[in-house]
file protein-v8.cif (mmCIF, C-alpha atoms)
data_upload
#
loop_
_atom_site.label_atom_id
_atom_site.label_comp_id
_atom_site.auth_asym_id
_atom_site.auth_seq_id
_atom_site.Cartn_x
_atom_site.Cartn_y
_atom_site.Cartn_z
CA SER A 32 58.65 8.89 7.20
CA SER A 33 61.38 7.49 9.46
CA SER A 34 64.17 9.38 7.67
CA SER A 35 62.31 12.65 8.01
CA SER A 36 61.60 11.88 11.66
CA SER A 37 65.32 11.28 12.28
CA SER A 38 66.25 14.63 10.78
CA ALA A 39 63.69 16.56 12.80
CA SER A 40 64.58 15.11 16.14
CA SER A 41 66.79 17.85 17.59
CA SER A 42 63.87 20.24 18.11
CA SER A 43 60.92 17.91 18.60
CA SER A 44 59.47 15.15 20.78
CA TYR A 45 58.46 11.72 19.53
CA SER A 46 55.15 10.07 20.31
CA SER A 47 53.63 6.77 19.29
CA SER A 48 50.19 5.20 19.44
CA SER A 49 49.42 2.31 21.74
CA ARG A 50 47.75 0.41 18.89
CA ALA A 51 48.11 0.41 15.12
CA PRO A 52 45.41 2.73 13.64
CA PRO A 53 43.97 2.53 10.15
CA PRO A 54 45.88 4.37 7.42
CA VAL A 55 45.51 8.13 7.68
CA PRO A 56 45.70 10.35 4.63
CA GLY A 57 48.14 13.18 5.00
CA PRO A 58 50.27 15.56 2.98
CA PRO A 59 52.14 13.67 0.21
CA LEU A 60 55.70 12.82 1.22
CA PRO A 61 58.34 13.72 -1.42
CA PRO A 62 60.30 10.81 -2.95
CA ARG A 63 63.24 9.64 -0.84
CA SER A 64 65.71 10.71 -3.52
CA SER A 65 64.49 14.31 -3.32
CA LEU A 66 64.92 14.44 0.47
CA ALA A 67 68.70 14.08 0.33
CA GLY A 68 69.30 17.64 -0.82
CA LEU A 69 66.87 19.33 1.58
CA SER A 70 68.03 21.40 4.50
CA ARG A 71 67.19 20.47 8.08
CA PRO A 72 64.45 23.17 8.42
CA ALA A 73 62.80 21.84 5.25
CA LEU A 74 62.91 18.28 6.58
CA GLN A 75 61.45 19.48 9.88
CA ARG A 76 58.55 21.18 8.08
CA ILE A 77 57.78 17.99 6.15
CA ALA A 78 57.92 15.83 9.27
CA MET A 79 55.74 18.21 11.25
CA ALA A 80 53.16 18.31 8.47
CA GLN A 81 52.94 14.52 8.55
CA SER A 82 52.67 14.56 12.34
CA ARG A 83 49.89 17.15 12.36
CA ALA A 84 47.90 14.99 9.94
CA LEU A 85 48.24 11.99 12.27
CA ILE A 86 47.37 13.95 15.40
CA ALA A 87 44.43 15.76 13.77
CA SER A 88 42.96 12.40 12.72
CA GLY A 89 42.61 11.36 16.37
CA VAL A 90 45.53 8.93 16.62
CA PRO A 91 46.15 8.33 20.35
CA THR A 92 49.72 9.28 21.19
CA VAL A 93 52.13 8.20 23.92
CA PRO A 94 55.30 10.32 24.48
CA VAL A 95 58.56 8.44 23.93
CA LYS A 96 61.34 10.89 24.77
CA ASN A 97 61.94 14.61 24.62
CA LEU A 98 64.90 15.03 22.30
CA ASN A 99 65.70 18.70 22.72
CA GLY A 100 69.27 19.90 22.68
CA SER A 101 72.32 19.93 20.43
CA SER A 102 73.99 16.68 21.53
CA PRO A 103 75.00 14.45 18.55
CA VAL A 104 73.46 11.48 20.39
CA HIS A 105 69.95 12.87 19.99
CA PRO A 106 69.65 12.43 16.19
CA ALA A 107 70.89 8.86 16.48
CA LEU A 108 68.37 8.04 19.19
CA ALA A 109 65.64 9.66 17.15
CA GLY A 110 66.55 7.63 14.09
CA ILE A 111 66.61 4.33 16.01
CA THR A 112 63.29 5.19 17.65
CA GLY A 113 61.71 5.99 14.31
CA ILE A 114 63.00 2.77 12.67
CA LEU A 115 61.84 0.53 15.51
CA MET A 116 58.42 2.12 15.72
CA SER A 117 57.91 2.01 11.96
CA ALA A 118 58.94 -1.67 11.86
CA ALA A 119 56.31 -2.41 14.50
CA GLY A 120 53.65 -0.72 12.38
CA LEU A 121 53.29 2.25 14.73
CA PRO A 122 53.05 5.81 13.37
CA VAL A 123 55.74 8.29 14.41
CA CYS A 124 54.26 11.62 15.47
CA LEU A 125 56.30 14.77 16.16
CA THR A 126 55.09 17.26 18.74
CA ARG A 127 56.85 20.48 19.64
CA PRO A 128 57.78 20.79 23.32
CA PRO A 129 56.17 23.68 25.24
CA ARG A 130 58.08 26.96 25.02
CA LEU A 131 58.80 29.21 28.00
CA VAL A 132 57.39 32.71 27.40
CA LEU A 133 58.58 35.06 30.15
CA HIS A 134 57.90 38.42 28.48
CA PRO A 135 55.27 39.87 26.14
CA PRO A 136 56.06 41.07 22.61
CA PRO A 137 57.79 44.48 22.54
CA VAL A 138 55.51 47.46 23.09
CA SER A 139 56.10 51.13 22.33
CA LYS A 140 55.89 53.88 24.94
CA SER A 141 52.64 55.12 23.42
CA GLU A 142 51.05 51.69 23.99
CA VAL A 143 51.90 51.67 27.70
CA LYS A 144 48.96 53.13 29.63
CA PRO A 145 48.28 53.92 33.32
CA VAL A 146 46.21 51.41 35.25
CA PRO A 147 42.59 52.69 35.45
CA GLY A 148 41.87 54.16 38.86
CA LEU A 149 45.53 54.47 39.85
CA GLY A 150 47.08 57.79 39.00
CA HIS A 151 50.78 57.26 39.65
CA CYS A 152 52.83 54.62 37.83
CA CYS A 153 55.76 54.36 40.23
CA ARG A 154 56.30 53.94 43.98
CA LYS A 155 59.61 54.08 45.82
CA THR A 156 60.59 52.91 49.29
CA SER A 157 63.46 54.27 51.33
CA LYS A 158 65.41 52.99 54.29
CA ARG A 159 63.55 51.98 57.43
CA GLN A 160 62.78 54.82 59.80
CA ALA A 161 63.53 54.10 63.43
CA ARG A 162 60.42 54.12 65.64
CA ARG A 163 60.66 55.92 68.92
CA GLY A 164 58.38 56.41 71.90
CA LYS A 165 56.67 53.37 73.35
CA THR A 166 58.63 50.62 75.03
CA PRO A 167 58.07 46.97 73.96
CA GLU A 168 55.99 46.35 77.10
CA GLU A 169 53.78 49.36 76.34
CA VAL A 170 53.23 48.15 72.77
CA VAL A 171 52.24 44.65 73.89
CA LYS A 172 49.92 45.87 76.66
CA LYS A 173 48.01 47.98 74.14
CA TYR A 174 46.62 44.80 72.55
CA LEU A 175 45.98 42.83 75.78
CA GLN A 176 43.31 42.42 78.43
CA LYS A 177 44.67 41.47 81.83
CA VAL A 178 43.63 38.01 83.07
CA ARG A 179 43.47 37.72 86.86
CA ASN A 180 42.71 34.00 87.08
CA PRO A 181 44.26 32.22 84.07
CA PRO A 182 43.23 28.64 83.31
CA GLU A 183 45.38 25.61 84.00
CA GLU A 184 46.92 25.43 80.53
CA ASP A 185 50.27 26.09 78.91
CA CYS A 186 51.49 29.28 77.29
CA THR A 187 52.17 28.24 73.69
CA ILE A 188 55.23 30.52 73.47
CA CYS A 189 57.28 29.17 76.38
CA MET A 190 55.26 25.95 76.89
CA GLU A 191 55.12 26.65 80.66
CA SER A 192 51.90 26.80 82.68
CA LEU A 193 50.06 30.12 82.59
CA VAL A 194 49.69 30.02 86.37
CA GLY A 195 53.45 29.77 86.80
CA PRO A 196 56.40 31.92 85.72
CA SER A 197 57.27 32.57 82.09
CA GLY A 198 60.02 30.58 80.44
CA TYR A 199 61.65 33.88 79.42
CA LYS A 200 63.71 35.77 81.95
CA GLY A 201 63.32 39.44 82.56
CA PRO A 202 61.39 41.57 85.06
CA VAL A 203 57.95 42.85 84.06
CA ALA A 204 56.22 45.57 86.02
CA GLY A 205 52.97 44.62 87.72
CA GLY A 206 52.15 41.63 89.83
CA GLY A 207 50.93 38.40 88.34
CA SER A 208 48.00 36.20 89.22
CA ARG A 209 48.13 33.45 91.81
CA GLY A 210 51.67 34.53 92.60
CA GLY A 211 52.82 34.07 89.02
CA GLU A 212 53.63 36.51 86.25
CA PRO A 213 51.09 38.73 84.45
CA VAL A 214 48.94 36.95 81.85
CA GLY A 215 47.06 38.70 79.07
CA ARG A 216 44.35 37.85 76.53
CA LEU A 217 44.76 39.25 73.00
CA MET A 218 41.69 41.38 72.35
CA ARG A 219 40.62 40.16 68.91
CA CYS A 220 41.45 36.46 68.89
CA GLY A 221 41.27 35.74 72.63
CA HIS A 222 44.46 33.67 72.96
CA LEU A 223 46.26 33.83 76.32
CA TYR A 224 50.01 34.27 76.95
CA HIS A 225 52.46 35.38 79.58
CA LEU A 226 53.08 39.09 79.19
CA GLN A 227 56.82 38.45 79.40
CA CYS A 228 56.59 35.90 76.57
CA LEU A 229 54.85 38.38 74.27
CA VAL A 230 57.43 41.06 75.12
CA ALA A 231 60.26 38.64 74.28
CA MET A 232 58.54 37.71 70.99
CA TYR A 233 58.11 41.39 70.11
CA ASN A 234 61.77 42.15 70.84
CA ASN A 235 62.78 39.29 68.55
CA GLY A 236 60.77 40.70 65.64
CA ASN A 237 60.73 43.87 63.58
CA LYS A 238 59.76 46.08 66.57
CA ASP A 239 57.46 48.16 64.36
CA GLY A 240 54.60 48.68 66.82
CA SER A 241 52.60 45.68 65.58
CA LEU A 242 52.04 42.27 67.14
CA GLN A 243 51.05 38.95 65.54
CA CYS A 244 49.39 36.17 67.49
CA PRO A 245 51.70 33.13 67.25
CA THR A 246 48.73 30.75 67.35
CA CYS A 247 46.25 32.10 64.78
CA LYS A 248 48.43 34.77 63.07
CA THR A 249 45.96 37.59 63.76
CA ILE A 250 47.78 40.90 63.33
CA TYR A 251 47.43 43.80 65.78
CA GLY A 252 48.49 47.23 64.55
CA VAL A 253 50.15 47.81 61.18
CA LYS A 254 52.69 45.14 60.26
CA THR A 255 55.78 46.27 58.34
CA GLY A 256 58.64 44.28 56.88
CA THR A 257 62.36 44.50 56.16
CA GLN A 258 62.27 45.04 52.39
CA PRO A 259 65.34 46.95 51.13
CA PRO A 260 64.94 50.28 49.30
CA GLY A 261 63.71 50.01 45.71
CA LYS A 262 61.18 51.01 43.07
CA MET A 263 57.85 49.51 41.94
CA GLU A 264 56.48 50.48 38.51
CA TYR A 265 53.11 49.42 37.08
CA HIS A 266 51.15 50.02 33.88
CA THR A 267 49.00 48.24 31.32
CA ILE A 268 50.21 46.81 28.03
CA PRO A 269 48.16 45.94 24.89
CA HIS A 270 48.44 42.17 25.29
CA SER A 271 46.26 39.60 27.06
CA LEU A 272 47.32 36.90 29.49
CA PRO A 273 46.43 33.24 28.83
CA GLY A 274 43.03 32.64 30.42
CA HIS A 275 42.13 36.34 30.31
CA PRO A 276 41.50 37.09 26.61
CA ASP A 277 38.96 39.82 27.30
CA CYS A 278 41.31 42.37 28.92
CA ARG A 279 44.76 43.89 28.72
CA ALA A 280 47.57 42.90 31.06
CA ILE A 281 49.05 44.81 34.00
CA ARG A 282 52.83 44.70 34.12
CA ILE A 283 54.63 45.30 37.43
CA ILE A 284 58.37 45.97 37.42
CA TYR A 285 60.26 45.66 40.70
CA THR A 286 63.76 47.14 40.92
CA ILE A 287 65.94 46.66 44.00
CA PRO A 288 69.71 47.28 43.89
CA PRO A 289 72.25 45.48 46.10
CA GLY A 290 73.23 47.21 49.31
CA ILE A 291 74.24 46.92 52.96
CA GLN A 292 72.01 45.21 55.52
CA GLY A 293 70.44 47.37 58.19
CA PRO A 294 69.76 46.61 61.86
CA GLU A 295 66.48 44.89 60.95
CA HIS A 296 68.21 42.36 58.63
CA PRO A 297 69.84 39.00 59.49
CA ASN A 298 73.44 40.27 59.31
CA PRO A 299 73.64 44.05 59.91
CA GLY A 300 76.53 45.73 58.14
CA LYS A 301 77.06 42.87 55.70
CA PRO A 302 76.35 43.33 51.95
CA TYR A 303 73.26 41.76 50.39
CA THR A 304 72.83 40.78 46.74
CA ALA A 305 69.80 41.40 44.51
CA ARG A 306 69.58 38.74 41.79
CA GLY A 307 67.19 38.82 38.85
CA PHE A 308 66.19 42.49 39.03
CA PRO A 309 64.33 44.15 37.49
CA ARG A 310 61.64 41.49 38.01
CA HIS A 311 58.61 41.62 35.72
CA CYS A 312 55.26 40.34 37.03
CA TYR A 313 51.79 40.25 35.47
CA LEU A 314 48.14 40.62 36.45
CA PRO A 315 44.98 40.74 34.32
CA ASP A 316 43.64 44.27 33.92
CA ASN A 317 40.18 43.46 35.26
CA GLU A 318 38.37 44.39 38.46
CA LYS A 319 39.98 41.72 40.63
CA GLY A 320 43.41 42.21 39.06
CA ARG A 321 43.30 45.94 39.88
CA LYS A 322 42.16 45.11 43.43
CA VAL A 323 45.21 42.87 43.86
CA LEU A 324 47.45 45.62 42.49
CA ARG A 325 46.08 48.19 44.96
CA LEU A 326 46.80 45.84 47.85
CA LEU A 327 50.26 45.02 46.47
CA LEU A 328 50.98 48.75 46.55
CA VAL A 329 50.10 48.78 50.25
CA ALA A 330 52.37 45.75 50.78
CA TRP A 331 55.17 47.52 48.92
CA GLU A 332 54.86 50.67 51.02
CA ARG A 333 54.88 48.54 54.18
CA ARG A 334 58.00 46.76 52.90
CA LEU A 335 56.36 43.34 52.82
CA VAL A 336 56.89 42.20 49.20
CA PHE A 337 60.58 41.27 49.58
CA SER A 338 62.98 40.58 52.42
CA VAL A 339 66.64 39.72 52.91
CA GLY A 340 67.32 36.06 53.58
CA THR A 341 68.34 32.76 51.98
CA SER A 342 67.09 31.89 48.49
CA SER A 343 65.05 28.66 48.42
CA THR A 344 66.01 28.28 44.74
CA THR A 345 69.79 28.74 44.80
CA GLY A 346 70.59 28.44 48.50
CA GLU A 347 72.39 31.79 48.44
CA SER A 348 72.26 33.65 51.75
CA ASP A 349 72.14 37.41 52.32
CA THR A 350 70.13 38.05 49.17
CA VAL A 351 66.78 39.66 48.33
CA VAL A 352 63.99 37.05 48.27
CA TRP A 353 60.21 37.01 47.86
CA ASN A 354 58.30 37.42 51.13
CA GLU A 355 55.41 34.90 50.97
CA VAL A 356 53.27 36.83 48.45
CA HIS A 357 53.28 34.92 45.16
CA HIS A 358 53.68 36.71 41.81
CA LYS A 359 53.34 35.51 38.23
CA THR A 360 56.59 36.08 36.34
CA GLU A 361 55.71 34.15 33.14
CA PHE A 362 53.70 36.15 30.64
CA GLY A 363 52.63 33.68 27.98
CA SER A 364 53.19 30.22 29.51
CA ASN A 365 52.89 28.32 32.79
CA LEU A 366 55.77 25.84 32.59
CA THR A 367 57.24 26.67 36.00
CA GLY A 368 53.94 27.27 37.81
CA HIS A 369 54.57 31.02 37.78
CA GLY A 370 52.36 31.87 34.80
CA TYR A 371 48.86 31.76 33.39
CA PRO A 372 46.26 30.35 33.08
CA ASP A 373 45.73 29.88 36.82
CA PRO A 374 42.09 30.44 37.83
CA GLY A 375 42.81 30.54 41.58
CA HIS A 376 45.85 32.83 41.52
CA LEU A 377 44.17 36.15 42.34
CA ASP A 378 42.19 34.69 45.23
CA ASN A 379 45.34 33.03 46.58
CA VAL A 380 47.23 36.35 46.49
CA LEU A 381 44.37 38.11 48.30
CA GLN A 382 44.55 35.47 51.03
CA GLU A 383 48.35 35.79 51.29
CA LEU A 384 48.04 39.58 51.60
CA ARG A 385 45.38 39.16 54.27
CA GLN A 386 47.82 37.02 56.24
CA GLN A 387 50.20 40.01 56.11
CA GLY A 388 47.48 42.27 57.56
CA ILE A 389 46.46 43.80 54.23
CA TRP A 390 42.89 43.61 52.94
CA ALA A 391 40.40 45.73 51.01
CA GLU A 392 38.44 48.52 52.70
CA GLU A 393 35.11 46.73 52.21
CA GLU A 394 36.44 43.71 54.16
CA GLU A 395 37.61 45.97 56.96
CA GLU A 396 34.15 47.55 57.19
CA GLU A 397 32.53 44.09 57.46
CA GLU A 398 34.74 43.25 60.41
#
call {"tool": "encode", "arguments": {"input": "protein-v8.cif", "output": "structure tokens"}}
result
Amino acid sequence: SSSSSSSASSSSSYSSSSRAPPPVPGPPLPPRSSLAGLSRPALQRIAMAQSRALIASGVPTVPVKNLNGSSPVHPALAGITGILMSAAGLPVCLTRPPRLVLHPPPVSKSEVKPVPGLGHCCRKTSKRQARRGKTPEEVVKKYLQKVRNPPEEDCTICMESLVGPSGYKGPVAGGGSRGGEPVGRLMRCGHLYHLQCLVAMYNNGNKDGSLQCPTCKTIYGVKTGTQPPGKMEYHTIPHSLPGHPDCRAIRIIYTIPPGIQGPEHPNPGKPYTARGFPRHCYLPDNEKGRKVLRLLLVAWERRLVFSVGTSSTTGESDTVVWNEVHHKTEFGSNLTGHGYPDPGHLDNVLQELRQQGIWAEEEEEEE
């Protein structure tokens, strides 16, 4: 079988057992003289048939080397490996390497259906609308309770004592306590900060009327992001995801074109790129999958799915990147960690959305 193993090496991986097993019956191997005129695909089929017989019989295997690729060195290495292993009395087993499956088989328009419970199949976002009205100080004060006698501890924003002045300069109306600057307690989480520190933090953010506690990440108001304009499409397709054989799949298609950065982006007026669009993502079409989709729609409308920044994959700056809400972009495999099966994925996404201030109505009622 070593000659057939050598011929099949360019598209397979070699494995060997750690001990010599008893002889295993398998498909009869053609005489060596008849192998000379066979094509490479025919030789591969013969070698794979022999390998399946060995693997099916329970022979323990140990991977030797993945020999994918078109380099002329690979067949030579495969041949040497096969000869040495055969001389040692070890069987040579061929196993196909895993295949990346990013997209489902083609589907017709008639097979694409709306997601149950969601009428529309497309959402668009436009450019950020400027918010007017309240000043930064007014926004911050809305979420605070004034503290007249703060404790002897540090403000975790400026790392200065709460009974002393803030580490950030700038006048704030209203007298402080003990001769210092005003100190406030956030209403829901109870953490204390200098008012001036919270105003400085707000001015350094998106200035959208919301505030996020820097200690526990509790969000006050409605948090919005800096996602560029684009389109989000969603529908079901007649295929199942690995690990979810009992339901169809939801396909989400994000489309964002390149453009010019706005005042909320890192470099206003400079172009940004949009690589890899349209991006296809997948969810199971079950109760929890549809719940995740509904919350992703809220995240999309609040411009929290993408942002403009530096790609952690390529290092490119001024480009559209994911914004801390993970998506599955592999349909039929999980080679990169972005596919199925992944039993904890939906719960992880729900937690990530909650950290962005987005949760289901029943959770809001409980709180």
call {"tool": "resolve_selection", "arguments": {"input": "protein-v8.cif", "expression": "the PyMOL selection byres ((chain A and resi 277-285) around 7)", "output": "PyMOL selection string"}}
result
chain A and resi 262-272+275-276+286-287+308-317
call {"tool": "resolve_selection", "arguments": {"input": "protein-v8.cif", "expression": "the PyMOL selection byres ((chain A and resi 187) around 12)", "output": "PyMOL selection string"}}
result
chain A and resi 184-186+188-193+197-198+222-225+228-229+232+244-247
call {"tool": "closest_residue", "arguments": {"input": "protein-v8.cif", "among": "A:Glu361, A:Leu327, A:Ser343, A:Glu332", "to": "A:Ala391", "atoms": "only C-alpha atoms"}}
result
A:Leu327
call {"tool": "residues_around", "arguments": {"input": "protein-v8.cif", "residues": "A:Gly148", "least_positions_apart": "2", "cutoff": "10 Å", "atoms": "all atoms listed in the file", "output": "list in words"}}
result
Pro145, Val146, Gly150, His151, Arg321 and Arg325 of chain A
call {"tool": "atom_distance", "arguments": {"input": "protein-v8.cif", "atom1": "atom CA of A:Pro260", "atom2": "atom CA of A:Ser348"}}
result
18.3 Å
call {"tool": "residues_around", "arguments": {"input": "protein-v8.cif", "residues": "stretch 364-374 of chain A", "least_positions_apart": "6", "cutoff": "8 Å", "atoms": "only C-alpha atoms", "output": "number ranges by chain"}}
result
A: 129-133, 272-275, 358
call {"tool": "closest_residue", "arguments": {"input": "protein-v8.cif", "among": "A:Lys177, A:Lys248, A:Lys200, A:Lys359", "to": "A:Val214", "atoms": "only C-alpha atoms"}}
result
A:Lys177
call {"tool": "residues_near_point", "arguments": {"input": "protein-v8.cif", "point": "(57.2, 43.7, 68.9)", "cutoff": "10 Å", "atoms": "all atoms listed in the file", "output": "CSV table (one decimal) with C-alpha atoms, keeping the file's coordinate frame"}}
result
chain,number,residue,atom,x,y,z
A,166,THR,CA,58.6,50.6,75.0
A,167,PRO,CA,58.1,47.0,74.0
A,168,GLU,CA,56.0,46.4,77.1
A,169,GLU,CA,53.8,49.4,76.3
A,170,VAL,CA,53.2,48.2,72.8
A,171,VAL,CA,52.2,44.6,73.9
A,229,LEU,CA,54.8,38.4,74.3
A,230,VAL,CA,57.4,41.1,75.1
A,231,ALA,CA,60.3,38.6,74.3
A,232,MET,CA,58.5,37.7,71.0
A,233,TYR,CA,58.1,41.4,70.1
A,234,ASN,CA,61.8,42.2,70.8
A,235,ASN,CA,62.8,39.3,68.6
A,236,GLY,CA,60.8,40.7,65.6
A,237,ASN,CA,60.7,43.9,63.6
A,238,LYS,CA,59.8,46.1,66.6
A,239,ASP,CA,57.5,48.2,64.4
A,240,GLY,CA,54.6,48.7,66.8
A,241,SER,CA,52.6,45.7,65.6
A,242,LEU,CA,52.0,42.3,67.1
A,243,GLN,CA,51.0,39.0,65.5
A,254,LYS,CA,52.7,45.1,60.3
call {"tool": "atom_distance", "arguments": {"input": "protein-v8.cif", "atom1": "atom CA of A:Gln292", "atom2": "atom CA of A:Leu326"}}
result
26.4 Å
call {"tool": "resolve_selection", "arguments": {"input": "protein-v8.cif", "expression": "the PyMOL selection byres ((chain A and resi 330) around 12)", "output": "VMD selection string"}}
result
chain A and resid 154 156 253 to 258 263 323 to 329 331 to 338 354 to 356 380 to 381 383 to 391
call {"tool": "atom_distance", "arguments": {"input": "protein-v8.cif", "atom1": "atom CA of A:Val339", "atom2": "atom CA of A:Leu149"}}
result
28.9 Å
call {"tool": "closest_residue", "arguments": {"input": "protein-v8.cif", "among": "A:Pro259, A:Lys322, A:Ala305, A:Leu175", "to": "A:Thr341", "atoms": "all atoms listed in the file"}}
result
A:Ala305
call {"tool": "closest_residue", "arguments": {"input": "protein-v8.cif", "among": "A:Pro147, A:Gly340, A:Gly363, A:Gly346", "to": "A:Pro299", "atoms": "all atoms listed in the file"}}
result
A:Gly340
call {"tool": "closest_residue", "arguments": {"input": "protein-v8.cif", "among": "A:Gln227, A:Thr360, A:Gly261, A:Pro181", "to": "A:Tyr199", "atoms": "all atoms listed in the file"}}
result
A:Gln227
call {"tool": "build_atoms", "arguments": {"input": "protein-v8.cif", "residues": "stretch 289-307 of chain A", "atoms": "N, CA, C and O atoms", "output": "PDB file, keeping the file's coordinate frame"}}
result
ATOM      1  N   PRO A 289      71.543  46.035  44.931  1.00  0.00           N
ATOM      2  CA  PRO A 289      72.250  45.480  46.100  1.00  0.00           C
ATOM      3  C   PRO A 289      72.627  46.582  47.074  1.00  0.00           C
ATOM      4  O   PRO A 289      72.669  47.768  46.723  1.00  0.00           O
ATOM      5  N   GLY A 290      72.889  46.198  48.310  1.00  0.00           N
ATOM      6  CA  GLY A 290      73.230  47.210  49.310  1.00  0.00           C
ATOM      7  C   GLY A 290      73.801  46.588  50.566  1.00  0.00           C
ATOM      8  O   GLY A 290      74.279  45.449  50.564  1.00  0.00           O
ATOM      9  N   ILE A 291      73.723  47.337  51.667  1.00  0.00           N
ATOM     10  CA  ILE A 291      74.240  46.920  52.960  1.00  0.00           C
ATOM     11  C   ILE A 291      73.067  46.678  53.906  1.00  0.00           C
ATOM     12  O   ILE A 291      72.144  47.484  53.980  1.00  0.00           O
ATOM     13  N   GLN A 292      73.106  45.559  54.624  1.00  0.00           N
ATOM     14  CA  GLN A 292      72.010  45.210  55.520  1.00  0.00           C
ATOM     15  C   GLN A 292      71.937  46.183  56.696  1.00  0.00           C
ATOM     16  O   GLN A 292      72.954  46.600  57.249  1.00  0.00           O
ATOM     17  N   GLY A 293      70.692  46.501  57.063  1.00  0.00           N
ATOM     18  CA  GLY A 293      70.440  47.370  58.190  1.00  0.00           C
ATOM     19  C   GLY A 293      70.252  46.596  59.478  1.00  0.00           C
ATOM     20  O   GLY A 293      70.344  45.362  59.500  1.00  0.00           O
ATOM     21  N   PRO A 294      69.926  47.291  60.564  1.00  0.00           N
ATOM     22  CA  PRO A 294      69.760  46.610  61.860  1.00  0.00           C
ATOM     23  C   PRO A 294      68.584  45.634  61.885  1.00  0.00           C
ATOM     24  O   PRO A 294      68.544  44.746  62.729  1.00  0.00           O
ATOM     25  N   GLU A 295      67.633  45.788  60.972  1.00  0.00           N
ATOM     26  CA  GLU A 295      66.480  44.890  60.950  1.00  0.00           C
ATOM     27  C   GLU A 295      66.732  43.620  60.153  1.00  0.00           C
ATOM     28  O   GLU A 295      65.882  42.720  60.105  1.00  0.00           O
ATOM     29  N   HIS A 296      67.899  43.504  59.488  1.00  0.00           N
ATOM     30  CA  HIS A 296      68.210  42.360  58.630  1.00  0.00           C
ATOM     31  C   HIS A 296      69.014  41.290  59.375  1.00  0.00           C
ATOM     32  O   HIS A 296      69.511  41.546  60.479  1.00  0.00           O
ATOM     33  N   PRO A 297      69.156  40.103  58.780  1.00  0.00           N
ATOM     34  CA  PRO A 297      69.840  39.000  59.490  1.00  0.00           C
ATOM     35  C   PRO A 297      71.272  39.305  59.896  1.00  0.00           C
ATOM     36  O   PRO A 297      71.712  38.896  60.975  1.00  0.00           O
ATOM     37  N   ASN A 298      72.023  39.999  59.032  1.00  0.00           N
ATOM     38  CA  ASN A 298      73.440  40.270  59.310  1.00  0.00           C
ATOM     39  C   ASN A 298      73.750  41.751  59.093  1.00  0.00           C
ATOM     40  O   ASN A 298      74.266  42.138  58.041  1.00  0.00           O
ATOM     41  N   PRO A 299      73.422  42.598  60.062  1.00  0.00           N
ATOM     42  CA  PRO A 299      73.640  44.050  59.910  1.00  0.00           C
ATOM     43  C   PRO A 299      75.078  44.377  59.538  1.00  0.00           C
ATOM     44  O   PRO A 299      76.025  43.813  60.082  1.00  0.00           O
ATOM     45  N   GLY A 300      75.209  45.296  58.585  1.00  0.00           N
ATOM     46  CA  GLY A 300      76.530  45.730  58.140  1.00  0.00           C
ATOM     47  C   GLY A 300      77.131  44.895  57.038  1.00  0.00           C
ATOM     48  O   GLY A 300      78.136  45.286  56.426  1.00  0.00           O
ATOM     49  N   LYS A 301      76.537  43.746  56.748  1.00  0.00           N
ATOM     50  CA  LYS A 301      77.060  42.870  55.700  1.00  0.00           C
ATOM     51  C   LYS A 301      76.335  43.160  54.383  1.00  0.00           C
ATOM     52  O   LYS A 301      75.129  43.433  54.378  1.00  0.00           O
ATOM     53  N   PRO A 302      77.019  43.073  53.232  1.00  0.00           N
ATOM     54  CA  PRO A 302      76.350  43.330  51.950  1.00  0.00           C
ATOM     55  C   PRO A 302      75.275  42.281  51.653  1.00  0.00           C
ATOM     56  O   PRO A 302      75.362  41.134  52.087  1.00  0.00           O
ATOM     57  N   TYR A 303      74.246  42.696  50.913  1.00  0.00           N
ATOM     58  CA  TYR A 303      73.260  41.760  50.390  1.00  0.00           C
ATOM     59  C   TYR A 303      73.217  41.894  48.863  1.00  0.00           C
ATOM     60  O   TYR A 303      73.474  42.969  48.311  1.00  0.00           O
ATOM     61  N   THR A 304      72.933  40.785  48.194  1.00  0.00           N
ATOM     62  CA  THR A 304      72.830  40.780  46.740  1.00  0.00           C
ATOM     63  C   THR A 304      71.366  40.920  46.325  1.00  0.00           C
ATOM     64  O   THR A 304      70.452  40.708  47.130  1.00  0.00           O
ATOM     65  N   ALA A 305      71.155  41.259  45.062  1.00  0.00           N
ATOM     66  CA  ALA A 305      69.800  41.400  44.510  1.00  0.00           C
ATOM     67  C   ALA A 305      69.801  40.774  43.124  1.00  0.00           C
ATOM     68  O   ALA A 305      70.058  41.457  42.124  1.00  0.00           O
ATOM     69  N   ARG A 306      69.525  39.489  43.051  1.00  0.00           N
ATOM     70  CA  ARG A 306      69.580  38.740  41.790  1.00  0.00           C
ATOM     71  C   ARG A 306      68.267  38.859  41.017  1.00  0.00           C
ATOM     72  O   ARG A 306      67.186  38.884  41.598  1.00  0.00           O
ATOM     73  N   GLY A 307      68.373  38.890  39.705  1.00  0.00           N
ATOM     74  CA  GLY A 307      67.190  38.820  38.850  1.00  0.00           C
ATOM     75  C   GLY A 307      66.386  40.091  38.737  1.00  0.00           C
ATOM     76  O   GLY A 307      65.250  40.063  38.246  1.00  0.00           O
TER      77      GLY A 307
END
